[in-house]
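Working notes, beginning with the structure itself.
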There are 4 protein chains.
Amino acid sequence: MIHLDHRDGRPIYQQILDGFREQIRAGVLMEGDRMPSVRELATQLAINPNTIQRAYRELEFQGWIASVAGKGSFVCGVPQSDAQELLQAFDKLTTTLLSMGIPARELAARIEKGGEDHA
Amino acid sequence: MIHLDHRDGRPIYQQILDGFREQIRAGVLMEGDRMPSVRELATQLAINPNTIQRAYRELEFQGWIASVAGKGSFVCGVPQSDAQELLQAFDKLTTTLLSMGIPARELAARIEKGGEDHA
Amino acid sequence: MIHLDHRDGRPIYQQILDGFREQIRAGVLMEGDRMPSVRELATQLAINPNTIQRAYRELEFQGWIASVAGKGSFVCGVPQSDAQELLQAFDKLTTTLLSMGIPARELAARIEKGGEDHA
Amino acid sequence: MIHLDHRDGRPIYQQILDGFREQIRAGVLMEGDRMPSVRELATQLAINPNTIQRAYRELEFQGWIASVAGKGSFVCGVPQSDAQELLQAFDKLTTTLLSMGIPARELAARIEKGGEDHA
DNA sequence: GTGGTCTAGACCACG
DNA sequence: GTGGTCTAGACCACA
């Protein structure tokens with residue numbers, strides 16, 4: 001499920017974190033789904049369990065999952081804050097592109113193109 | 001000109017790097033303009049000259065500026081690769097937002113809103 | 001492994017950089033091999049760790065190695081761009097030598113001589 | 001005649017030095033030709049006469065030109081050492097390319113291709 | 001004066 | 001232990 005790349009500049013725990021966030025955003029993991037156990041995932045990815053645990057701790061802190069002692073971790077869904085942050089990033093990126101002289105029409109066209117799958 | 005924030009997760013040299021990239025993209029600094037000297041900026045920002053130099057070295061490598069020993073550093077303009085990278089980031093972000101169920105109409109509306117200054 | 005010469009005009013970090021490039025090109029260091037740690041090499045060469053790190057940073061940027069914080073630096077192999085650059089340098093040098101009146105036969109003979117090891 | 005590029009990493013005096021060496025090697029400037037005067041060239045290139053003088057001093061030291069007080073500087077031709085250095089560079093480059101697995105045939109073919117003008 | 005290199009030594013995040 | 005960042009201060013080459 002999660003793909004690690006040691007050449008990637010991001011630390012391992014963050015790649016795991018980002019990987020799960022993407023899967024939850026895309027609906028691959030849905031509310032109520034059980035997350036793989038720390039030990040299980042650590043074995044599968046061949047990395048230290050501490051690294052997994054750090055990623056899970058962060059995911060829980062940000063509201064993506066909830067850990068239940070003795071039962072495991074479960075997906076909560078996409079936190080409200082996430083969409084807001086992504087939209088802020090979208091606005092900032094848009095502002096930059098417009099300031100560089102790229103016409104709004106072109107950006108809108110790119111949205112349509114990228115959105116064909118979701119039409 | 002450049003604003004540093006020690007609470008920002010990014011290292012200082014990167015904040016400087018990003019700051020100048022924005023200024024060049026926005027046209028505040030234009031081709032041929034002289035960059036502040038390493039020592040001058042270091043004094044102004046109250047940081048070590050080496051940190052400035054690291055930022056300038058990367059800016060030069062990425063094609064934003066040209067440094068001439070004994071003369072100073074000069075703005076080259078926006079590298080070709082930059083707009084492409086930003087557009088790729090835009091596409092990726094758009095795809096994520098659409099996959100979360102945010103309608104393309106809303107994204108398009110946000111572009112219009114942000115683009116009023118450039119209309 | 002790496003030999004430094006303070007009389008050499010090239011800065012130390014570049015001598016290190018060039019030294020590793022040669023070793024990777026020649027296959028002495030191969031994909032996946034571990035690079036000596038920054039501190040280790042600094043001690044061995046009796047120079048400052050920062051100088052090693054600068055060399056490693058450039059090697060990583062050019063695609064020769066990948067550095068993972070907390071784990072070490074690992075050889076990626078010869079970047080695609082490298083062979084192209086060397087061949088361009090070869091063409092330029094050849095053109096110069098031919099323009100000086102050195103016959104193509106002599107250059108070809110020199111290749112054969114140098115290539116006996118690889119025949 | 002001489003083209004300066006401030007974006008070039010080489011210092012100005014070296015660009016001048018290399019420029020004249022190329023012209024002499026290519027036969028654009030021939031033995032006995034008069035070099036432009038320091039003041040004349042400094043005006044033409046819009047740089048400091050000291051920089052020109054440094055280049056001329058180096059050219060004289062390497063045997064490319066000879067300066068006659070009160071008369072000017074005159075081209076001597078290509079020094080013996082130059083061809084030897086270029087051939088050494090050629091051998092080194094060839095060795096590197098062969099060690100990377102590039103066949104000698106390909107290098108020979110490139111020589112033929114580049115030498116068509118001099119056939 | 002400029003940028004470029006190097007040293008010595010500190011602190012941090014990561015695994 | 002690893003690499004990454006930053007500081008303080010030195011010396012050099014260039015223009």
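Every chain in the structure tokens takes a letter, A first, then B, and so on in the order presented; its residues are numbered from 1, and the ligands are numbered from 1 following the presented order.
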- request: Within 12 Å of Ala42 in chain A, counting only C-alpha atoms (C1' of nucleotides), which residues show up once you throw out same-chain ones fewer than 3 positions away? Write them as an MDAnalysis selection string, please.
  value: chainID A and resid 2 4 12:13 16 36:39 45:56
- request: Write out as a PyMOL selection string all residues of range 8-110 of chain C that backbone DSSP assigns to alpha helix (DSSP H).
  value: chain C and resi 12-25+38-45+49-61+80-99+104-110
Per-residue nearest contacts chain A to chain B, cut-off 10 Å, using only C-alpha atoms, as a tab-separated table:
residue	atom	partner	partner_atom	distance
A:Glu22	CA	B:Thr96	CA	8.1
A:Ile24	CA	B:Met100	CA	9.3
A:Arg25	CA	B:Met100	CA	5.8
A:Ala26	CA	B:Ser99	CA	5.7
A:Gly27	CA	B:Met100	CA	8.0
A:Val78	CA	B:Met100	CA	8.8
A:Ala83	CA	B:Leu97	CA	7.7
A:Leu86	CA	B:Leu97	CA	7.4
A:Leu87	CA	B:Leu97	CA	7.9
A:Ala89	CA	B:Leu93	CA	8.3
A:Phe90	CA	B:Leu93	CA	6.9
A:Asp91	CA	B:Gly114	CA	7.0
A:Lys92	CA	B:Gly114	CA	8.8
A:Leu93	CA	B:Phe90	CA	6.9
A:Thr94	CA	B:Ile111	CA	6.5
A:Thr95	CA	B:Gly114	CA	6.0
A:Thr96	CA	B:Ala26	CA	7.5
A:Leu97	CA	B:Leu86	CA	7.4
A:Leu98	CA	B:Gly115	CA	6.5
A:Ser99	CA	B:Ala26	CA	5.6
A:Met100	CA	B:Arg25	CA	5.8
A:Gly101	CA	B:His118	CA	8.1
A:Ile102	CA	B:Ala83	CA	9.0
A:Pro103	CA	B:Gly115	CA	8.7
A:Ala104	CA	B:Ile111	CA	6.5
A:Arg105	CA	B:Ile111	CA	9.1
A:Leu107	CA	B:Ile111	CA	7.7
A:Ala108	CA	B:Ala108	CA	5.6
A:Ala109	CA	B:Ala108	CA	9.1
A:Arg110	CA	B:Asp91	CA	7.1
A:Ile111	CA	B:Thr94	CA	6.5
A:Glu112	CA	B:Ala104	CA	7.0
A:Lys113	CA	B:Asp91	CA	9.3
A:Gly114	CA	B:Thr95	CA	6.1
A:Gly115	CA	B:Leu98	CA	6.5
A:Glu116	CA	B:Leu98	CA	9.8
A:Asp117	CA	B:Ser99	CA	9.1
A:His118	CA	B:Leu98	CA	7.0
A:Ala119	CA	B:Ala104	CA	9.0
Mind writing the picked residues with N, CA and C atoms as an mmCIF file, in the first residue's frame?
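The result, stored in again29.cif:
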data_model
loop_
_atom_site.group_PDB
_atom_site.id
_atom_site.type_symbol
_atom_site.label_atom_id
_atom_site.label_comp_id
_atom_site.auth_asym_id
_atom_site.auth_seq_id
_atom_site.Cartn_x
_atom_site.Cartn_y
_atom_site.Cartn_z
ATOM 1 N N GLU A 22 -3.081 10.671 1.649
ATOM 2 C CA GLU A 22 -3.565 10.584 0.262
ATOM 3 C C GLU A 22 -4.614 9.494 0.101
ATOM 4 N N ILE A 24 -6.602 8.303 2.353
ATOM 5 C CA ILE A 24 -7.864 8.677 2.998
ATOM 6 C C ILE A 24 -8.583 9.739 2.170
ATOM 7 N N ARG A 25 -7.814 10.700 1.651
ATOM 8 C CA ARG A 25 -8.422 11.736 0.819
ATOM 9 C C ARG A 25 -9.063 11.126 -0.417
ATOM 10 N N ALA A 26 -8.384 10.143 -1.002
ATOM 11 C CA ALA A 26 -8.872 9.550 -2.246
ATOM 12 C C ALA A 26 -9.966 8.523 -1.993
ATOM 13 N N GLY A 27 -10.239 8.223 -0.722
ATOM 14 C CA GLY A 27 -11.301 7.268 -0.431
ATOM 15 C C GLY A 27 -10.863 5.811 -0.467
ATOM 16 N N VAL A 78 -11.432 12.608 6.543
ATOM 17 C CA VAL A 78 -10.618 13.788 6.250
ATOM 18 C C VAL A 78 -10.967 14.898 7.234
ATOM 19 N N ALA A 83 -8.976 20.265 4.198
ATOM 20 C CA ALA A 83 -9.497 20.905 2.993
ATOM 21 C C ALA A 83 -9.161 22.395 3.012
ATOM 22 N N LEU A 86 -5.513 22.853 2.073
ATOM 23 C CA LEU A 86 -5.280 22.617 0.649
ATOM 24 C C LEU A 86 -5.820 23.771 -0.184
ATOM 25 N N LEU A 87 -6.990 24.299 0.213
ATOM 26 C CA LEU A 87 -7.551 25.421 -0.539
ATOM 27 C C LEU A 87 -6.684 26.676 -0.372
ATOM 28 N N ALA A 89 -3.469 26.600 0.051
ATOM 29 C CA ALA A 89 -2.315 26.353 -0.815
ATOM 30 C C ALA A 89 -2.698 26.617 -2.271
ATOM 31 N N PHE A 90 -3.921 26.225 -2.625
ATOM 32 C CA PHE A 90 -4.417 26.449 -3.986
ATOM 33 C C PHE A 90 -4.457 27.943 -4.297
ATOM 34 N N ASP A 91 -4.995 28.716 -3.364
ATOM 35 C CA ASP A 91 -5.082 30.162 -3.572
ATOM 36 C C ASP A 91 -3.701 30.784 -3.720
ATOM 37 N N LYS A 92 -2.788 30.356 -2.866
ATOM 38 C CA LYS A 92 -1.448 30.925 -2.901
ATOM 39 C C LYS A 92 -0.751 30.602 -4.229
ATOM 40 N N LEU A 93 -0.897 29.351 -4.648
ATOM 41 C CA LEU A 93 -0.278 28.927 -5.899
ATOM 42 C C LEU A 93 -0.897 29.684 -7.072
ATOM 43 N N THR A 94 -2.209 29.829 -7.038
ATOM 44 C CA THR A 94 -2.908 30.550 -8.093
ATOM 45 C C THR A 94 -2.414 31.998 -8.174
ATOM 46 N N THR A 95 -2.320 32.628 -7.020
ATOM 47 C CA THR A 95 -1.857 34.016 -6.985
ATOM 48 C C THR A 95 -0.475 34.144 -7.621
ATOM 49 N N THR A 96 0.414 33.197 -7.262
ATOM 50 C CA THR A 96 1.762 33.226 -7.824
ATOM 51 C C THR A 96 1.726 33.089 -9.344
ATOM 52 N N LEU A 97 0.948 32.124 -9.825
ATOM 53 C CA LEU A 97 0.897 31.883 -11.272
ATOM 54 C C LEU A 97 0.316 33.094 -12.004
ATOM 55 N N LEU A 98 -0.713 33.692 -11.416
ATOM 56 C CA LEU A 98 -1.301 34.874 -12.051
ATOM 57 C C LEU A 98 -0.299 36.026 -12.061
ATOM 58 N N SER A 99 0.469 36.157 -10.978
ATOM 59 C CA SER A 99 1.440 37.257 -10.904
ATOM 60 C C SER A 99 2.550 37.088 -11.925
ATOM 61 N N MET A 100 2.705 35.860 -12.403
ATOM 62 C CA MET A 100 3.738 35.604 -13.407
ATOM 63 C C MET A 100 3.207 35.840 -14.811
ATOM 64 N N GLY A 101 1.928 36.219 -14.888
ATOM 65 C CA GLY A 101 1.383 36.545 -16.195
ATOM 66 C C GLY A 101 0.645 35.400 -16.868
ATOM 67 N N ILE A 102 0.496 34.288 -16.167
ATOM 68 C CA ILE A 102 -0.264 33.184 -16.744
ATOM 69 C C ILE A 102 -1.754 33.513 -16.639
ATOM 70 N N PRO A 103 -2.479 33.495 -17.771
ATOM 71 C CA PRO A 103 -3.881 33.930 -17.762
ATOM 72 C C PRO A 103 -4.776 32.977 -16.961
ATOM 73 N N ALA A 104 -5.794 33.551 -16.308
ATOM 74 C CA ALA A 104 -6.743 32.758 -15.513
ATOM 75 C C ALA A 104 -7.433 31.710 -16.389
ATOM 76 N N ARG A 105 -7.619 32.048 -17.650
ATOM 77 C CA ARG A 105 -8.268 31.096 -18.564
ATOM 78 C C ARG A 105 -7.504 29.778 -18.627
ATOM 79 N N LEU A 107 -5.499 28.458 -16.401
ATOM 80 C CA LEU A 107 -5.636 27.695 -15.155
ATOM 81 C C LEU A 107 -7.006 27.002 -15.115
ATOM 82 N N ALA A 108 -8.036 27.737 -15.499
ATOM 83 C CA ALA A 108 -9.382 27.150 -15.503
ATOM 84 C C ALA A 108 -9.429 25.956 -16.450
ATOM 85 N N ALA A 109 -8.783 26.106 -17.599
ATOM 86 C CA ALA A 109 -8.773 25.003 -18.570
ATOM 87 C C ALA A 109 -8.090 23.774 -17.977
ATOM 88 N N ARG A 110 -7.021 24.020 -17.221
ATOM 89 C CA ARG A 110 -6.321 22.892 -16.610
ATOM 90 C C ARG A 110 -7.204 22.183 -15.588
ATOM 91 N N ILE A 111 -8.027 22.938 -14.890
ATOM 92 C CA ILE A 111 -8.930 22.298 -13.925
ATOM 93 C C ILE A 111 -9.896 21.381 -14.658
ATOM 94 N N GLU A 112 -10.486 21.909 -15.747
ATOM 95 C CA GLU A 112 -11.436 21.095 -16.520
ATOM 96 C C GLU A 112 -10.779 19.809 -16.996
ATOM 97 N N LYS A 113 -9.549 19.977 -17.478
ATOM 98 C CA LYS A 113 -8.823 18.816 -18.013
ATOM 99 C C LYS A 113 -8.595 17.772 -16.914
ATOM 100 N N GLY A 114 -8.161 18.257 -15.750
ATOM 101 C CA GLY A 114 -7.882 17.335 -14.654
ATOM 102 C C GLY A 114 -9.151 16.759 -14.048
ATOM 103 N N GLY A 115 -10.271 17.456 -14.263
ATOM 104 C CA GLY A 115 -11.503 17.019 -13.620
ATOM 105 C C GLY A 115 -12.344 16.080 -14.444
ATOM 106 N N GLU A 116 -11.858 15.746 -15.659
ATOM 107 C CA GLU A 116 -12.675 14.879 -16.516
ATOM 108 C C GLU A 116 -12.999 13.551 -15.852
ATOM 109 N N ASP A 117 -12.062 13.053 -15.073
ATOM 110 C CA ASP A 117 -12.289 11.766 -14.396
ATOM 111 C C ASP A 117 -13.407 11.858 -13.368
ATOM 112 N N HIS A 118 -13.608 13.077 -12.852
ATOM 113 C CA HIS A 118 -14.567 13.228 -11.762
ATOM 114 C C HIS A 118 -15.876 13.816 -12.256
ATOM 115 N N ALA A 119 -16.006 13.990 -13.591
ATOM 116 C CA ALA A 119 -17.197 14.628 -14.146
ATOM 117 C C ALA A 119 -18.427 13.755 -13.913
#
Need to verify the contact set: Arg34 in chain D, 7 Å, only C-alpha atoms (C1' of nucleotides), exclusion of same-chain residues closer than 4 positions in sequence. Can you return it as a PDB file with N, CA, C and O atoms, in the first residue's frame?
ATOM      1  N   SER D  73      51.910  44.466 -28.222  1.00  0.00           N
ATOM      2  CA  SER D  73      52.047  43.024 -28.026  1.00  0.00           C
ATOM      3  C   SER D  73      51.812  42.305 -29.348  1.00  0.00           C
ATOM      4  O   SER D  73      50.944  42.695 -30.131  1.00  0.00           O
ATOM      5  N   PHE D  74      52.597  41.244 -29.573  1.00  0.00           N
ATOM      6  CA  PHE D  74      52.508  40.540 -30.848  1.00  0.00           C
ATOM      7  C   PHE D  74      52.371  39.036 -30.639  1.00  0.00           C
ATOM      8  O   PHE D  74      52.949  38.464 -29.708  1.00  0.00           O
ATOM      9  N   VAL D  75      51.607  38.425 -31.521  1.00  0.00           N
ATOM     10  CA  VAL D  75      51.325  36.997 -31.413  1.00  0.00           C
ATOM     11  C   VAL D  75      52.570  36.181 -31.743  1.00  0.00           C
ATOM     12  O   VAL D  75      53.252  36.453 -32.731  1.00  0.00           O
TER      13      VAL D  75
END
Taking the backbone alone, and naming residues the way the document does, which bits of chain C are strand (DSSP E) by DSSP, as a short mmCIF file (atom, residue, chain, number, x, y, z; two decimals) with all heavy atoms, in the first residue's frame?
data_model
loop_
_atom_site.label_atom_id
_atom_site.label_comp_id
_atom_site.auth_asym_id
_atom_site.auth_seq_id
_atom_site.Cartn_x
_atom_site.Cartn_y
_atom_site.Cartn_z
N ILE C 65 24.59 10.48 -5.70
CA ILE C 65 24.31 9.78 -4.44
C ILE C 65 22.98 10.27 -3.88
O ILE C 65 22.42 11.25 -4.35
CB ILE C 65 25.43 10.03 -3.39
CG1 ILE C 65 25.40 11.50 -2.94
CG2 ILE C 65 26.79 9.66 -3.94
CD1 ILE C 65 26.36 11.79 -1.80
N ALA C 66 22.49 9.54 -2.87
CA ALA C 66 21.30 9.98 -2.14
C ALA C 66 21.65 9.98 -0.67
O ALA C 66 22.17 8.99 -0.16
CB ALA C 66 20.13 9.05 -2.43
N SER C 67 21.40 11.09 -0.01
CA SER C 67 21.70 11.18 1.42
C SER C 67 20.41 11.07 2.21
O SER C 67 19.42 11.73 1.91
CB SER C 67 22.37 12.52 1.74
OG SER C 67 23.65 12.58 1.13
N VAL C 68 20.41 10.21 3.20
CA VAL C 68 19.24 10.04 4.06
C VAL C 68 19.65 10.41 5.48
O VAL C 68 20.53 9.77 6.05
CB VAL C 68 18.74 8.59 4.02
CG1 VAL C 68 17.48 8.44 4.83
CG2 VAL C 68 18.54 8.12 2.60
N GLY C 72 22.63 7.66 6.38
CA GLY C 72 23.89 7.72 5.65
C GLY C 72 23.68 8.14 4.21
O GLY C 72 22.58 8.51 3.82
N SER C 73 24.74 8.08 3.41
CA SER C 73 24.66 8.45 1.99
C SER C 73 24.93 7.21 1.15
O SER C 73 25.83 6.43 1.47
CB SER C 73 25.67 9.54 1.68
OG SER C 73 25.42 10.70 2.46
N PHE C 74 24.18 7.06 0.06
CA PHE C 74 24.27 5.86 -0.74
C PHE C 74 24.42 6.19 -2.22
O PHE C 74 23.82 7.15 -2.71
CB PHE C 74 23.04 4.99 -0.51
CG PHE C 74 22.85 4.61 0.94
CD1 PHE C 74 22.18 5.44 1.81
CD2 PHE C 74 23.41 3.43 1.42
CE1 PHE C 74 22.05 5.11 3.15
CE2 PHE C 74 23.27 3.09 2.77
CZ PHE C 74 22.59 3.93 3.63
N VAL C 75 25.21 5.39 -2.91
CA VAL C 75 25.49 5.62 -4.33
C VAL C 75 24.27 5.31 -5.18
O VAL C 75 23.62 4.28 -4.98
CB VAL C 75 26.67 4.74 -4.79
CG1 VAL C 75 26.92 4.91 -6.27
CG2 VAL C 75 27.92 5.07 -3.98
#
task: Check every residue of chain E for an atom within 10 Å of chain A, counting only C-alpha atoms (C1' of nucleotides), and provide those that qualify as a PyMOL selection string.
output: chain E and resi 13-15
- request: Identify, on the basis of only C-alpha atoms (C1' of nucleotides), every residue whose closest approach to DC11 in chain E does not exceed 12 Å; exclude the query and any residue fewer than 3 positions from it along the same chain; express the result as a list of chain:residue names.
  value: F:DG4, F:DT5, F:DC6, F:DT7
Written file, previous selection with all heavy atoms, as an mmCIF file, in the first residue's frame:
data_model
loop_
_atom_site.group_PDB
_atom_site.id
_atom_site.type_symbol
_atom_site.label_atom_id
_atom_site.label_comp_id
_atom_site.auth_asym_id
_atom_site.auth_seq_id
_atom_site.Cartn_x
_atom_site.Cartn_y
_atom_site.Cartn_z
ATOM 1 P P DG F 4 22.322 15.636 4.379
ATOM 2 O OP1 DG F 4 21.314 15.680 3.306
ATOM 3 O OP2 DG F 4 23.704 16.045 4.127
ATOM 4 O "O5'" DG F 4 21.749 16.480 5.597
ATOM 5 C "C5'" DG F 4 20.331 16.551 5.789
ATOM 6 C "C4'" DG F 4 19.997 17.841 6.512
ATOM 7 O "O4'" DG F 4 20.622 17.853 7.806
ATOM 8 C "C3'" DG F 4 20.506 19.092 5.782
ATOM 9 O "O3'" DG F 4 19.485 20.091 5.807
ATOM 10 C "C2'" DG F 4 21.717 19.503 6.577
ATOM 11 C "C1'" DG F 4 21.342 19.051 7.984
ATOM 12 N N9 DG F 4 22.491 18.769 8.832
ATOM 13 C C8 DG F 4 23.596 18.033 8.500
ATOM 14 N N7 DG F 4 24.470 17.962 9.468
ATOM 15 C C5 DG F 4 23.907 18.693 10.497
ATOM 16 C C6 DG F 4 24.389 18.971 11.796
ATOM 17 O O6 DG F 4 25.445 18.618 12.308
ATOM 18 N N1 DG F 4 23.495 19.766 12.520
ATOM 19 C C2 DG F 4 22.291 20.207 12.047
ATOM 20 N N2 DG F 4 21.563 20.955 12.875
ATOM 21 N N3 DG F 4 21.830 19.951 10.836
ATOM 22 C C4 DG F 4 22.688 19.194 10.117
ATOM 23 P P DT F 5 19.770 21.469 5.121
ATOM 24 O OP1 DT F 5 18.475 21.878 4.537
ATOM 25 O OP2 DT F 5 20.993 21.392 4.307
ATOM 26 O "O5'" DT F 5 20.050 22.419 6.364
ATOM 27 C "C5'" DT F 5 19.075 22.531 7.388
ATOM 28 C "C4'" DT F 5 19.639 23.366 8.503
ATOM 29 O "O4'" DT F 5 20.784 22.706 9.071
ATOM 30 C "C3'" DT F 5 20.127 24.753 8.065
ATOM 31 O "O3'" DT F 5 19.306 25.712 8.698
ATOM 32 C "C2'" DT F 5 21.579 24.816 8.534
ATOM 33 C "C1'" DT F 5 21.640 23.704 9.567
ATOM 34 N N1 DT F 5 22.973 23.079 9.777
ATOM 35 C C2 DT F 5 23.578 23.222 10.996
ATOM 36 O O2 DT F 5 23.087 23.837 11.922
ATOM 37 N N3 DT F 5 24.802 22.605 11.095
ATOM 38 C C4 DT F 5 25.456 21.877 10.114
ATOM 39 O O4 DT F 5 26.545 21.374 10.319
ATOM 40 C C5 DT F 5 24.753 21.782 8.865
ATOM 41 C C7 DT F 5 25.370 21.020 7.724
ATOM 42 C C6 DT F 5 23.559 22.375 8.756
ATOM 43 P P DC F 6 19.418 27.221 8.274
ATOM 44 O OP1 DC F 6 18.124 27.851 8.614
ATOM 45 O OP2 DC F 6 19.954 27.291 6.900
ATOM 46 O "O5'" DC F 6 20.528 27.794 9.272
ATOM 47 C "C5'" DC F 6 20.274 27.764 10.675
ATOM 48 C "C4'" DC F 6 21.540 28.151 11.422
ATOM 49 O "O4'" DC F 6 22.509 27.098 11.285
ATOM 50 C "C3'" DC F 6 22.235 29.403 10.885
ATOM 51 O "O3'" DC F 6 21.925 30.488 11.764
ATOM 52 C "C2'" DC F 6 23.729 29.036 10.885
ATOM 53 C "C1'" DC F 6 23.759 27.664 11.564
ATOM 54 N N1 DC F 6 24.816 26.745 11.047
ATOM 55 C C2 DC F 6 25.881 26.397 11.862
ATOM 56 O O2 DC F 6 25.940 26.861 13.002
ATOM 57 N N3 DC F 6 26.831 25.569 11.380
ATOM 58 C C4 DC F 6 26.746 25.091 10.148
ATOM 59 N N4 DC F 6 27.704 24.270 9.712
ATOM 60 C C5 DC F 6 25.663 25.425 9.287
ATOM 61 C C6 DC F 6 24.722 26.261 9.766
ATOM 62 P P DT F 7 22.664 31.893 11.601
ATOM 63 O OP1 DT F 7 21.800 32.884 12.270
ATOM 64 O OP2 DT F 7 23.049 32.072 10.190
ATOM 65 O "O5'" DT F 7 23.982 31.725 12.472
ATOM 66 C "C5'" DT F 7 23.863 31.251 13.812
ATOM 67 C "C4'" DT F 7 25.218 31.315 14.492
ATOM 68 O "O4'" DT F 7 26.044 30.221 14.035
ATOM 69 C "C3'" DT F 7 26.007 32.602 14.204
ATOM 70 O "O3'" DT F 7 26.550 33.093 15.413
ATOM 71 C "C2'" DT F 7 27.112 32.151 13.261
ATOM 72 C "C1'" DT F 7 27.314 30.705 13.669
ATOM 73 N N1 DT F 7 27.816 29.820 12.588
ATOM 74 C C2 DT F 7 28.945 29.083 12.797
ATOM 75 O O2 DT F 7 29.567 29.105 13.831
ATOM 76 N N3 DT F 7 29.313 28.304 11.733
ATOM 77 C C4 DT F 7 28.683 28.199 10.500
ATOM 78 O O4 DT F 7 29.119 27.474 9.627
ATOM 79 C C5 DT F 7 27.505 29.010 10.356
ATOM 80 C C7 DT F 7 26.754 28.993 9.079
ATOM 81 C C6 DT F 7 27.128 29.777 11.385
#
Return as CSV the residues of chain B lying at most 7 Å from chain F, together with the closest atom-to-atom pair for each and the distance in Å to one decimal, counting only C-alpha atoms (C1' of nucleotides), with rows in chain order and ascending residue number.
residue,atom,partner,partner_atom,distance
B:Asn48,CA,F:DT7,C1',6.2
B:Ala69,CA,F:DC14,C1',5.9
B:Gly70,CA,F:DC14,C1',5.0
B:Lys71,CA,F:DA15,C1',6.7
query: Please, what distance in Å, to one decimal, runs between CA of Gly32 in chain A and CA of Cys76 in chain A?
result: 6.3 Å
message: One number please: CA of Met30 in chain C to CA of Gly77 in chain C, in Å, one decimal.
response: 6.2 Å
